Amino acid sequence: MHFLANPLRFQRIADAVFPWAAGGAALLAPLALWLALVVAPPDYQQGEAVRIMYVHVPAAWMAMFVYLCVAAGSAAGLIWRHPMAEVAARAAAPIGACFTAIALFTGSVWGKPMWGTWWVWDARLTSVLILFFLYLGYMALHDAFEDPQRGARAASILGLVGLVNLPVIKFSVDWWNTLHQPASIVRLDGPTIDPSMLWPLFTMMGFFKLFFVAVLVLRIRAQLAERRLANLRLGAEGRA
């Protein structure tokens, strides 16, 4: 992991990864939409409303996955003082917040015709809302201190504390009686979704993952550029 601590080395790796991630996302996006909107059949109970699943479920997966990345970067930054880990965690947080917002919005749109209401204080919904606030809190703490290192440390601690919410999100439908349907894909006895719906869902998930990697690289590049500009500005002020 330490060989990635050098920003120039990390930049070279990111430059090599970005075209593949961006190109793969560009190719998978129309394929995933075609499979979800045209090829996948309507549900026998939910009808065409089930197509919201192809955005809602991958967005919810990504909301948790990205937070896990933020927490991993926070841990590496706190324990090993890994400079690029903190940069990557900070770059990933707004992307994860957007995925969480999409999951909450599409879930409400899907819940209205299925449950008859836009929102309930259901265990799954509430824990995902808490995840959204954790993202916002992480981003706010970074800018809450004049000293950037103090802000990064406070945000990293929150990122690690928020990890306890991830198993609550995952197992809330098993631990409590909720309106939200139970797990239908990640199960010990295998998925309960028909392959005609499962493959479009996995394709959309692949698109979301590649999109995340591409945007993450762009955001890391921007943060490294900002740091270089800040260092140059400080150097110019010192010489003046």
# chains A, B, ... in the order shown; residues from 1 in each chain; ligands from 1
call {"tool": "residues_around", "arguments": {"residues": "Arg219 (chain A)", "least_positions_apart": "4", "cutoff": "7 Å", "atoms": "only C-alpha atoms", "output": "PyMOL selection string"}}
result
chain A and resi 91+215+223
call {"tool": "select_by_dssp", "arguments": {"residues": "region 87-129 of chain A", "states": "helix (DSSP H, G or I)", "output": "VMD selection string"}}
result
chain A and resid 87 to 115 123 to 129
call {"tool": "residues_around", "arguments": {"residues": "Trp110 (chain A)", "least_positions_apart": "2", "cutoff": "8 Å", "atoms": "only C-alpha atoms", "output": "PyMOL selection string"}}
result
chain A and resi 49-50+52-53+106-108+112-114
call {"tool": "closest_residue", "arguments": {"among": "A:Val87, A:Ala140, A:Val128, A:Leu163", "to": "Glu226 (chain A)", "atoms": "only C-alpha atoms"}}
result
A:Val87
call {"tool": "closest_residue", "arguments": {"among": "A:His180, A:Arg227, A:Arg12, A:Arg153", "to": "Ile79 (chain A)", "atoms": "only C-alpha atoms"}}
result
A:Arg153
call {"tool": "residues_around", "arguments": {"residues": "Leu166 (chain A)", "least_positions_apart": "4", "cutoff": "9 Å", "atoms": "only C-alpha atoms", "output": "list in words"}}
result
Met64, Tyr67, Leu68, Ser127, Val128, Leu131, Gly162, Lys170 and Phe171 of chain A
call {"tool": "residues_around", "arguments": {"residues": "Val38 (chain A)", "least_positions_apart": "3", "cutoff": "12 Å", "atoms": "only C-alpha atoms", "output": "list of chain:residue names"}}
result
A:Pro30, A:Leu31, A:Ala32, A:Leu33, A:Trp34, A:Leu35, A:Pro41, A:Pro42, A:Glu48, A:Arg51, A:Tyr54, A:Ser196, A:Met197, A:Pro200
call {"tool": "closest_residue", "arguments": {"among": "A:Trp176, A:Phe145, A:Phe99, A:Trp119", "to": "Phe132 (chain A)", "atoms": "only C-alpha atoms"}}
result
A:Phe99
call {"tool": "atom_distance", "arguments": {"atom1": "CA of Asp122 (chain A)", "atom2": "CA of Met204 (chain A)"}}
result
26.1 Å
call {"tool": "residues_around", "arguments": {"residues": "Glu86 (chain A)", "least_positions_apart": "6", "cutoff": "7 Å", "atoms": "only C-alpha atoms", "output": "ChimeraX atom specification"}}
result
/A:73-74,77
call {"tool": "write_last_selection", "arguments": {"atoms": "all heavy atoms", "output": "CSV table (one decimal), in the first residue's frame"}}
result
chain,number,residue,atom,x,y,z
A,73,GLY,N,-10.1,4.4,3.6
A,73,GLY,CA,-9.2,5.5,3.4
A,73,GLY,C,-8.9,6.3,4.7
A,73,GLY,O,-7.8,6.7,5.0
A,74,SER,N,-10.0,6.4,5.5
A,74,SER,CA,-9.9,7.1,6.8
A,74,SER,C,-9.0,6.3,7.7
A,74,SER,O,-8.1,6.9,8.4
A,74,SER,CB,-11.2,7.3,7.4
A,74,SER,OG,-12.1,8.1,6.6
A,77,GLY,N,-5.4,6.6,6.6
A,77,GLY,CA,-4.9,8.0,7.0
A,77,GLY,C,-4.6,8.2,8.4
A,77,GLY,O,-3.6,8.8,8.8
call {"tool": "atom_distance", "arguments": {"atom1": "CA of Val213 (chain A)", "atom2": "CA of Asp147 (chain A)"}}
result
29.0 Å
call {"tool": "decode", "arguments": {"residues": "region 63-200 of chain A", "atoms": "C-alpha atoms", "output": "PDB file, in the first residue's frame"}}
result
ATOM      1  CA  ALA A  63     -23.889   3.972  -1.264  1.00  0.00           C
ATOM      2  CA  MET A  64     -22.614   1.293   1.134  1.00  0.00           C
ATOM      3  CA  PHE A  65     -19.609   0.299  -0.976  1.00  0.00           C
ATOM      4  CA  VAL A  66     -18.358   3.873  -1.298  1.00  0.00           C
ATOM      5  CA  TYR A  67     -18.753   4.453   2.436  1.00  0.00           C
ATOM      6  CA  LEU A  68     -16.649   1.345   3.017  1.00  0.00           C
ATOM      7  CA  CYS A  69     -14.007   2.914   0.754  1.00  0.00           C
ATOM      8  CA  VAL A  70     -14.224   6.174   2.724  1.00  0.00           C
ATOM      9  CA  ALA A  71     -13.792   4.290   5.998  1.00  0.00           C
ATOM     10  CA  ALA A  72     -10.839   2.292   4.611  1.00  0.00           C
ATOM     11  CA  GLY A  73      -9.151   5.486   3.450  1.00  0.00           C
ATOM     12  CA  SER A  74      -9.858   7.103   6.799  1.00  0.00           C
ATOM     13  CA  ALA A  75      -8.293   4.166   8.646  1.00  0.00           C
ATOM     14  CA  ALA A  76      -5.182   4.234   6.445  1.00  0.00           C
ATOM     15  CA  GLY A  77      -4.875   7.968   6.959  1.00  0.00           C
ATOM     16  CA  LEU A  78      -5.223   7.752  10.732  1.00  0.00           C
ATOM     17  CA  ILE A  79      -3.124   4.654  11.384  1.00  0.00           C
ATOM     18  CA  TRP A  80      -0.403   4.819   8.734  1.00  0.00           C
ATOM     19  CA  ARG A  81      -0.583   8.542   7.903  1.00  0.00           C
ATOM     20  CA  HIS A  82      -1.052   7.518   4.274  1.00  0.00           C
ATOM     21  CA  PRO A  83      -1.390  10.839   2.396  1.00  0.00           C
ATOM     22  CA  MET A  84      -3.188   9.495  -0.671  1.00  0.00           C
ATOM     23  CA  ALA A  85      -5.638   7.432   1.387  1.00  0.00           C
ATOM     24  CA  GLU A  86      -7.087  10.563   2.974  1.00  0.00           C
ATOM     25  CA  VAL A  87      -7.227  12.273  -0.425  1.00  0.00           C
ATOM     26  CA  ALA A  88      -9.072   9.296  -1.935  1.00  0.00           C
ATOM     27  CA  ALA A  89     -11.505   9.114   0.990  1.00  0.00           C
ATOM     28  CA  ARG A  90     -12.315  12.804   0.725  1.00  0.00           C
ATOM     29  CA  ALA A  91     -12.750  12.503  -3.040  1.00  0.00           C
ATOM     30  CA  ALA A  92     -15.085   9.520  -2.675  1.00  0.00           C
ATOM     31  CA  ALA A  93     -17.420  11.024  -0.055  1.00  0.00           C
ATOM     32  CA  PRO A  94     -19.445  13.363  -2.339  1.00  0.00           C
ATOM     33  CA  ILE A  95     -19.868  10.550  -4.867  1.00  0.00           C
ATOM     34  CA  GLY A  96     -21.193   8.266  -2.143  1.00  0.00           C
ATOM     35  CA  ALA A  97     -23.537  10.995  -0.930  1.00  0.00           C
ATOM     36  CA  CYS A  98     -24.951  11.307  -4.454  1.00  0.00           C
ATOM     37  CA  PHE A  99     -25.488   7.541  -4.705  1.00  0.00           C
ATOM     38  CA  THR A 100     -27.239   7.594  -1.320  1.00  0.00           C
ATOM     39  CA  ALA A 101     -29.477  10.473  -2.397  1.00  0.00           C
ATOM     40  CA  ILE A 102     -30.380   8.581  -5.588  1.00  0.00           C
ATOM     41  CA  ALA A 103     -31.191   5.467  -3.546  1.00  0.00           C
ATOM     42  CA  LEU A 104     -33.424   7.454  -1.182  1.00  0.00           C
ATOM     43  CA  PHE A 105     -35.197   9.282  -4.007  1.00  0.00           C
ATOM     44  CA  THR A 106     -35.807   6.239  -6.198  1.00  0.00           C
ATOM     45  CA  GLY A 107     -36.856   4.251  -3.155  1.00  0.00           C
ATOM     46  CA  SER A 108     -39.500   6.854  -2.357  1.00  0.00           C
ATOM     47  CA  VAL A 109     -40.709   6.884  -5.961  1.00  0.00           C
ATOM     48  CA  TRP A 110     -40.899   3.088  -5.918  1.00  0.00           C
ATOM     49  CA  GLY A 111     -42.507   2.992  -2.486  1.00  0.00           C
ATOM     50  CA  LYS A 112     -45.413   5.280  -3.390  1.00  0.00           C
ATOM     51  CA  PRO A 113     -47.218   2.844  -5.741  1.00  0.00           C
ATOM     52  CA  MET A 114     -46.126  -0.234  -3.758  1.00  0.00           C
ATOM     53  CA  TRP A 115     -46.695   0.930  -0.171  1.00  0.00           C
ATOM     54  CA  GLY A 116     -49.062   3.836  -0.733  1.00  0.00           C
ATOM     55  CA  THR A 117     -46.670   6.348   0.842  1.00  0.00           C
ATOM     56  CA  TRP A 118     -43.494   8.198  -0.070  1.00  0.00           C
ATOM     57  CA  TRP A 119     -41.755   7.553   3.233  1.00  0.00           C
ATOM     58  CA  VAL A 120     -42.020   5.499   6.400  1.00  0.00           C
ATOM     59  CA  TRP A 121     -39.649   5.443   9.354  1.00  0.00           C
ATOM     60  CA  ASP A 122     -38.730   1.920   8.440  1.00  0.00           C
ATOM     61  CA  ALA A 123     -35.482   0.439   9.800  1.00  0.00           C
ATOM     62  CA  ARG A 124     -33.914   0.113   6.345  1.00  0.00           C
ATOM     63  CA  LEU A 125     -35.007   3.562   5.149  1.00  0.00           C
ATOM     64  CA  THR A 126     -33.983   5.260   8.382  1.00  0.00           C
ATOM     65  CA  SER A 127     -30.538   3.648   8.450  1.00  0.00           C
ATOM     66  CA  VAL A 128     -29.904   4.685   4.823  1.00  0.00           C
ATOM     67  CA  LEU A 129     -30.954   8.233   5.724  1.00  0.00           C
ATOM     68  CA  ILE A 130     -28.441   8.125   8.582  1.00  0.00           C
ATOM     69  CA  LEU A 131     -25.821   7.030   6.036  1.00  0.00           C
ATOM     70  CA  PHE A 132     -26.617  10.113   3.970  1.00  0.00           C
ATOM     71  CA  PHE A 133     -26.127  12.336   7.026  1.00  0.00           C
ATOM     72  CA  LEU A 134     -22.846  10.574   7.788  1.00  0.00           C
ATOM     73  CA  TYR A 135     -21.599  11.498   4.328  1.00  0.00           C
ATOM     74  CA  LEU A 136     -22.677  15.108   4.859  1.00  0.00           C
ATOM     75  CA  GLY A 137     -21.054  15.179   8.295  1.00  0.00           C
ATOM     76  CA  TYR A 138     -17.811  13.747   6.933  1.00  0.00           C
ATOM     77  CA  MET A 139     -17.644  16.426   4.228  1.00  0.00           C
ATOM     78  CA  ALA A 140     -18.588  19.210   6.654  1.00  0.00           C
ATOM     79  CA  LEU A 141     -15.913  18.238   9.196  1.00  0.00           C
ATOM     80  CA  HIS A 142     -13.187  18.507   6.591  1.00  0.00           C
ATOM     81  CA  ASP A 143     -13.965  22.212   6.208  1.00  0.00           C
ATOM     82  CA  ALA A 144     -14.890  22.925   9.828  1.00  0.00           C
ATOM     83  CA  PHE A 145     -11.328  23.655  11.023  1.00  0.00           C
ATOM     84  CA  GLU A 146      -8.775  26.204   9.931  1.00  0.00           C
ATOM     85  CA  ASP A 147      -6.096  23.544  10.215  1.00  0.00           C
ATOM     86  CA  PRO A 148      -6.684  21.043   7.350  1.00  0.00           C
ATOM     87  CA  GLN A 149      -5.010  18.239   9.309  1.00  0.00           C
ATOM     88  CA  ARG A 150      -7.424  18.641  12.231  1.00  0.00           C
ATOM     89  CA  GLY A 151     -10.342  18.620   9.830  1.00  0.00           C
ATOM     90  CA  ALA A 152      -9.071  15.490   8.098  1.00  0.00           C
ATOM     91  CA  ARG A 153      -8.552  13.739  11.443  1.00  0.00           C
ATOM     92  CA  ALA A 154     -12.028  14.628  12.731  1.00  0.00           C
ATOM     93  CA  ALA A 155     -13.635  13.527   9.454  1.00  0.00           C
ATOM     94  CA  SER A 156     -11.670  10.265   9.475  1.00  0.00           C
ATOM     95  CA  ILE A 157     -12.840   9.453  13.003  1.00  0.00           C
ATOM     96  CA  LEU A 158     -16.452  10.040  11.959  1.00  0.00           C
ATOM     97  CA  GLY A 159     -15.873   7.868   8.887  1.00  0.00           C
ATOM     98  CA  LEU A 160     -14.741   4.984  11.078  1.00  0.00           C
ATOM     99  CA  VAL A 161     -17.516   5.437  13.651  1.00  0.00           C
ATOM    100  CA  GLY A 162     -20.100   5.395  10.868  1.00  0.00           C
ATOM    101  CA  LEU A 163     -19.053   1.875   9.887  1.00  0.00           C
ATOM    102  CA  VAL A 164     -21.410   0.492  12.540  1.00  0.00           C
ATOM    103  CA  ASN A 165     -24.306   1.679  10.385  1.00  0.00           C
ATOM    104  CA  LEU A 166     -23.440  -0.584   7.427  1.00  0.00           C
ATOM    105  CA  PRO A 167     -24.418  -3.917   9.051  1.00  0.00           C
ATOM    106  CA  VAL A 168     -27.558  -2.218  10.356  1.00  0.00           C
ATOM    107  CA  ILE A 169     -28.495  -1.300   6.783  1.00  0.00           C
ATOM    108  CA  LYS A 170     -27.704  -4.791   5.486  1.00  0.00           C
ATOM    109  CA  PHE A 171     -29.450  -6.822   8.176  1.00  0.00           C
ATOM    110  CA  SER A 172     -32.234  -4.426   9.202  1.00  0.00           C
ATOM    111  CA  VAL A 173     -34.777  -6.350   7.109  1.00  0.00           C
ATOM    112  CA  ASP A 174     -33.807  -9.535   8.979  1.00  0.00           C
ATOM    113  CA  TRP A 175     -33.595  -8.090  12.480  1.00  0.00           C
ATOM    114  CA  TRP A 176     -36.852  -6.106  12.466  1.00  0.00           C
ATOM    115  CA  ASN A 177     -40.278  -6.279  10.856  1.00  0.00           C
ATOM    116  CA  THR A 178     -40.134  -3.715   8.055  1.00  0.00           C
ATOM    117  CA  LEU A 179     -42.063  -2.744   4.953  1.00  0.00           C
ATOM    118  CA  HIS A 180     -38.894  -3.089   2.924  1.00  0.00           C
ATOM    119  CA  GLN A 181     -38.590  -6.447   1.197  1.00  0.00           C
ATOM    120  CA  PRO A 182     -35.971  -8.904   2.542  1.00  0.00           C
ATOM    121  CA  ALA A 183     -32.694  -9.655   0.777  1.00  0.00           C
ATOM    122  CA  SER A 184     -33.282 -11.260  -2.610  1.00  0.00           C
ATOM    123  CA  ILE A 185     -29.780 -11.337  -4.150  1.00  0.00           C
ATOM    124  CA  VAL A 186     -27.083 -11.829  -1.482  1.00  0.00           C
ATOM    125  CA  ARG A 187     -28.525 -14.906   0.247  1.00  0.00           C
ATOM    126  CA  LEU A 188     -27.051 -18.159   1.507  1.00  0.00           C
ATOM    127  CA  ASP A 189     -29.508 -20.134  -0.625  1.00  0.00           C
ATOM    128  CA  GLY A 190     -28.860 -18.024  -3.731  1.00  0.00           C
ATOM    129  CA  PRO A 191     -30.750 -15.162  -5.401  1.00  0.00           C
ATOM    130  CA  THR A 192     -34.533 -15.326  -5.613  1.00  0.00           C
ATOM    131  CA  ILE A 193     -34.679 -13.028  -8.662  1.00  0.00           C
ATOM    132  CA  ASP A 194     -35.142 -14.591 -12.082  1.00  0.00           C
ATOM    133  CA  PRO A 195     -32.024 -14.399 -14.328  1.00  0.00           C
ATOM    134  CA  SER A 196     -33.978 -12.307 -16.845  1.00  0.00           C
ATOM    135  CA  MET A 197     -34.028  -9.561 -14.188  1.00  0.00           C
ATOM    136  CA  LEU A 198     -30.773 -10.428 -12.448  1.00  0.00           C
ATOM    137  CA  TRP A 199     -28.440  -9.904 -15.422  1.00  0.00           C
ATOM    138  CA  PRO A 200     -29.750  -6.402 -16.240  1.00  0.00           C
TER     139      PRO A 200
END
